[in-house]
Structures are given as structure tokens and as C-alpha cells.
Amino acid sequence: MITLDINGRRAGVDAEPDTPLLWVLRDTLKLTGTKFGCGMALCGACTVQIDGEAVRSCITQVSTAVGKKIVTIEAVDRGRVGKTVQEAWRRLDVVQCGYCQSGQIMSAVALLEKNRRPSDADIDDAMSGNVCRCATYVRIRAAIHEAAKALA
């Protein structure tokens, strides 16, 4: 049995230590907001936060998350930054198909928790591992800037 701290709650899961965190989240714990995209950490759809860092849960072994704080899209709005980012996303109508957006938001929140005044280059760097097939990148960048202004 592996015990995890997910969204502020302890969860015991019966999983092999090398099981990808993504499968534990989605299949065992039914936290389906985190999406499967490529399975190789190339698209960012599976992004969650572990101890405040944006990580790709598809390649993160569940054993490496033991003793750390995991936050998924289901709870990102519990914090001021997460709530502000989600509000900016809605105001600017960022979402098109929506599949990648939980990963996009998780990466944006991780950025703004560390850097409340990101430049375009900072945003591009932080978001570079998140792919959007609908190409909403301009709206994503604008929403991050708007959230940063609201958090200032």
C-alpha cells in the first residue's frame, strides 16, 4: 500500500511503485481532470504539481510522489493563484476543445506561484512543454498576463 497526499488529503493506493502517477490518479482515484495525451511527457496534458513544481504524471513513478504534496486540476482553485488563473482563463475564453487545458492551467499556476511578473519569454519557457492542438497559445499567454496583474 502506497500513501499519497493528493489535494490535501491522504489516499492509500494499492499500486506497484513504478506505476505512472497518471494511472493512479485517473484509474484508482478517479481524478480524471488530469488527461492522458502522449504517455512520453511531450504534450503536457498530464501535468500536475508535486511540491509546487509542474510535472508530467505520465512518466512520474508513483513511488517518487510519496511524502510530497500532489495537486491536480480538481483542487488547483483552492489557492489564490489557481483561482485567479482559472478566472482569467474564463474571462479571455482561452479554451477551445479543452483537452490540454488542465495541463496548461497547472503549468501556468506553477509559473505564477514563483514569478508574479513573468515576461513573454518566461511564459514561453514555462509553457513550452504544453501542446495545444487548437493553437490557443496567444490567449493562454494573455490569460497568464491578466492573472499576473490581478495577483500583483
# chains A, B, ... in the order shown; residues from 1 in each chain; ligands from 1

call {"tool": "residues_around", "arguments": {"residues": "Gln104 in chain A", "least_positions_apart": "2", "cutoff": "12 Å", "atoms": "only C-alpha atoms", "output": "PyMOL selection string"}}
result
chain A and resi 33-35+43-49+54-56+72-73+76+82+85-86+89+94-95+98-102+106-111+123-124+126-132+136-137+139-141+143-144

call {"tool": "write_last_selection", "arguments": {"atoms": "C-alpha atoms", "output": "PDB file, in the first residue's frame"}}
result
ATOM      1  CA  GLY A  33      -9.242  16.003 -14.847  1.00  0.00           C
ATOM      2  CA  THR A  34      -5.624  15.088 -15.489  1.00  0.00           C
ATOM      3  CA  LYS A  35      -5.530  13.843 -19.075  1.00  0.00           C
ATOM      4  CA  CYS A  43       2.407  17.143 -24.656  1.00  0.00           C
ATOM      5  CA  GLY A  44       1.763  18.297 -21.071  1.00  0.00           C
ATOM      6  CA  ALA A  45      -1.869  17.130 -20.875  1.00  0.00           C
ATOM      7  CA  CYS A  46      -0.995  15.092 -17.768  1.00  0.00           C
ATOM      8  CA  THR A  47       0.635  17.963 -15.855  1.00  0.00           C
ATOM      9  CA  VAL A  48       0.108  18.056 -12.097  1.00  0.00           C
ATOM     10  CA  GLN A  49       2.050  19.784  -9.354  1.00  0.00           C
ATOM     11  CA  ALA A  54       4.770  21.260 -12.666  1.00  0.00           C
ATOM     12  CA  VAL A  55       5.500  17.613 -13.530  1.00  0.00           C
ATOM     13  CA  ARG A  56       4.317  15.191 -16.186  1.00  0.00           C
ATOM     14  CA  THR A  72      -4.356  18.168  -9.511  1.00  0.00           C
ATOM     15  CA  ILE A  73      -6.690  20.351 -11.539  1.00  0.00           C
ATOM     16  CA  VAL A  76      -5.991  23.996  -8.066  1.00  0.00           C
ATOM     17  CA  GLY A  82      -5.082  28.802  -9.097  1.00  0.00           C
ATOM     18  CA  VAL A  85      -5.650  31.731 -13.294  1.00  0.00           C
ATOM     19  CA  GLN A  86      -8.930  29.890 -13.833  1.00  0.00           C
ATOM     20  CA  TRP A  89      -8.946  31.603 -18.498  1.00  0.00           C
ATOM     21  CA  VAL A  94      -8.976  30.554 -23.636  1.00  0.00           C
ATOM     22  CA  VAL A  95     -10.443  27.096 -24.057  1.00  0.00           C
ATOM     23  CA  GLY A  98     -10.298  21.899 -23.782  1.00  0.00           C
ATOM     24  CA  TYR A  99      -8.348  18.650 -23.769  1.00  0.00           C
ATOM     25  CA  CYS A 100      -4.976  20.190 -22.920  1.00  0.00           C
ATOM     26  CA  GLN A 101      -6.276  22.913 -20.655  1.00  0.00           C
ATOM     27  CA  SER A 102      -5.922  21.202 -17.278  1.00  0.00           C
ATOM     28  CA  MET A 106      -1.334  23.567 -13.875  1.00  0.00           C
ATOM     29  CA  SER A 107       1.804  24.849 -15.632  1.00  0.00           C
ATOM     30  CA  ALA A 108       0.563  28.450 -15.552  1.00  0.00           C
ATOM     31  CA  VAL A 109      -0.171  28.236 -11.836  1.00  0.00           C
ATOM     32  CA  ALA A 110       3.274  26.790 -11.106  1.00  0.00           C
ATOM     33  CA  LEU A 111       4.818  29.689 -13.047  1.00  0.00           C
ATOM     34  CA  ILE A 123       5.744  32.357 -20.088  1.00  0.00           C
ATOM     35  CA  ASP A 124       7.007  30.707 -23.255  1.00  0.00           C
ATOM     36  CA  ALA A 126       7.264  27.686 -18.537  1.00  0.00           C
ATOM     37  CA  MET A 127       4.597  26.632 -21.027  1.00  0.00           C
ATOM     38  CA  SER A 128       6.906  25.102 -23.651  1.00  0.00           C
ATOM     39  CA  GLY A 129       6.085  21.532 -22.624  1.00  0.00           C
ATOM     40  CA  ASN A 130       2.340  22.032 -23.075  1.00  0.00           C
ATOM     41  CA  VAL A 131       0.945  21.442 -26.549  1.00  0.00           C
ATOM     42  CA  CYS A 132      -2.401  22.828 -27.710  1.00  0.00           C
ATOM     43  CA  THR A 136      -4.777  28.885 -28.231  1.00  0.00           C
ATOM     44  CA  TYR A 137      -1.265  30.000 -27.298  1.00  0.00           C
ATOM     45  CA  ARG A 139      -4.977  33.516 -25.429  1.00  0.00           C
ATOM     46  CA  ILE A 140      -3.024  31.394 -22.929  1.00  0.00           C
ATOM     47  CA  ARG A 141      -0.246  33.992 -22.765  1.00  0.00           C
ATOM     48  CA  ALA A 143      -4.585  34.977 -19.608  1.00  0.00           C
ATOM     49  CA  ILE A 144      -1.329  34.443 -17.736  1.00  0.00           C
TER      50      ILE A 144
END

call {"tool": "select_by_dssp", "arguments": {"residues": "chain A", "states": "helix (DSSP H, G or I)", "output": "ChimeraX atom specification"}}
result
/A:21-28,62-65,76-78,80-91,101-114,120-127,137-151

call {"tool": "residues_around", "arguments": {"residues": "Pro118 in chain A", "least_positions_apart": "6", "cutoff": "8 Å", "atoms": "only C-alpha atoms", "output": "list in words"}}
result
Leu112, His145 and Ala148 of chain A

call {"tool": "write_last_selection", "arguments": {"atoms": "N, CA, C and O atoms", "output": "JSON list (two decimals), in the first residue's frame"}}
result
[["chain", "number", "residue", "atom", "x", "y", "z"],
["A", 112, "LEU", "N", 3.20, 31.19, -12.00],
["A", 112, "LEU", "CA", 2.81, 32.39, -11.26],
["A", 112, "LEU", "C", 3.03, 32.26, -9.75],
["A", 112, "LEU", "O", 3.13, 33.28, -9.06],
["A", 145, "HIS", "N", -0.81, 36.75, -18.34],
["A", 145, "HIS", "CA", -0.52, 38.16, -18.03],
["A", 145, "HIS", "C", -1.67, 38.78, -17.23],
["A", 145, "HIS", "O", -1.42, 39.52, -16.27],
["A", 148, "ALA", "N", -1.49, 37.53, -13.71],
["A", 148, "ALA", "CA", -0.36, 38.16, -13.02],
["A", 148, "ALA", "C", -0.73, 39.56, -12.55],
["A", 148, "ALA", "O", -0.41, 39.95, -11.42]]

call {"tool": "atom_distance", "arguments": {"atom1": "CA of Leu151 in chain A", "atom2": "CA of Lys68 in chain A"}}
result
26.0 Å

call {"tool": "closest_residue", "arguments": {"among": "A:Arg116, A:Asp122, A:Ile105, A:Cys97", "to": "Lys83 in chain A", "atoms": "only C-alpha atoms"}}
result
A:Ile105

call {"tool": "select_by_dssp", "arguments": {"residues": "range 20-88 of chain A", "states": "strand (DSSP E)", "output": "number ranges by chain"}}
result
A: 47-50, 53-56, 69-71

call {"tool": "closest_residue", "arguments": {"among": "A:Val62, A:Cys134, A:Ile2, A:Val81", "to": "Gln96 in chain A", "atoms": "only C-alpha atoms"}}
result
A:Cys134

call {"tool": "residues_around", "arguments": {"residues": "Pro17 in chain A", "least_positions_apart": "3", "cutoff": "10 Å", "atoms": "only C-alpha atoms", "output": "PyMOL selection string"}}
result
chain A and resi 1-2+14+20-21+61-66

call {"tool": "closest_residue", "arguments": {"among": "A:Cys58, A:Val138, A:Cys38, A:Leu4", "to": "Arg26 in chain A", "atoms": "only C-alpha atoms"}}
result
A:Cys58

call {"tool": "atom_distance", "arguments": {"atom1": "CA of Glu146 in chain A", "atom2": "CA of Ala88 in chain A"}}
result
6.3 Å

call {"tool": "atom_distance", "arguments": {"atom1": "CA of Ile70 in chain A", "atom2": "CA of Ala41 in chain A"}}
result
17.4 Å

call {"tool": "closest_residue", "arguments": {"among": "A:Leu92, A:Ala152, A:Leu25, A:Ile59", "to": "Glu113 in chain A", "atoms": "only C-alpha atoms"}}
result
A:Ala152

call {"tool": "closest_residue", "arguments": {"among": "A:Arg117, A:Ile50, A:Ala150, A:Ile6", "to": "Ala75 in chain A", "atoms": "only C-alpha atoms"}}
result
A:Ile6
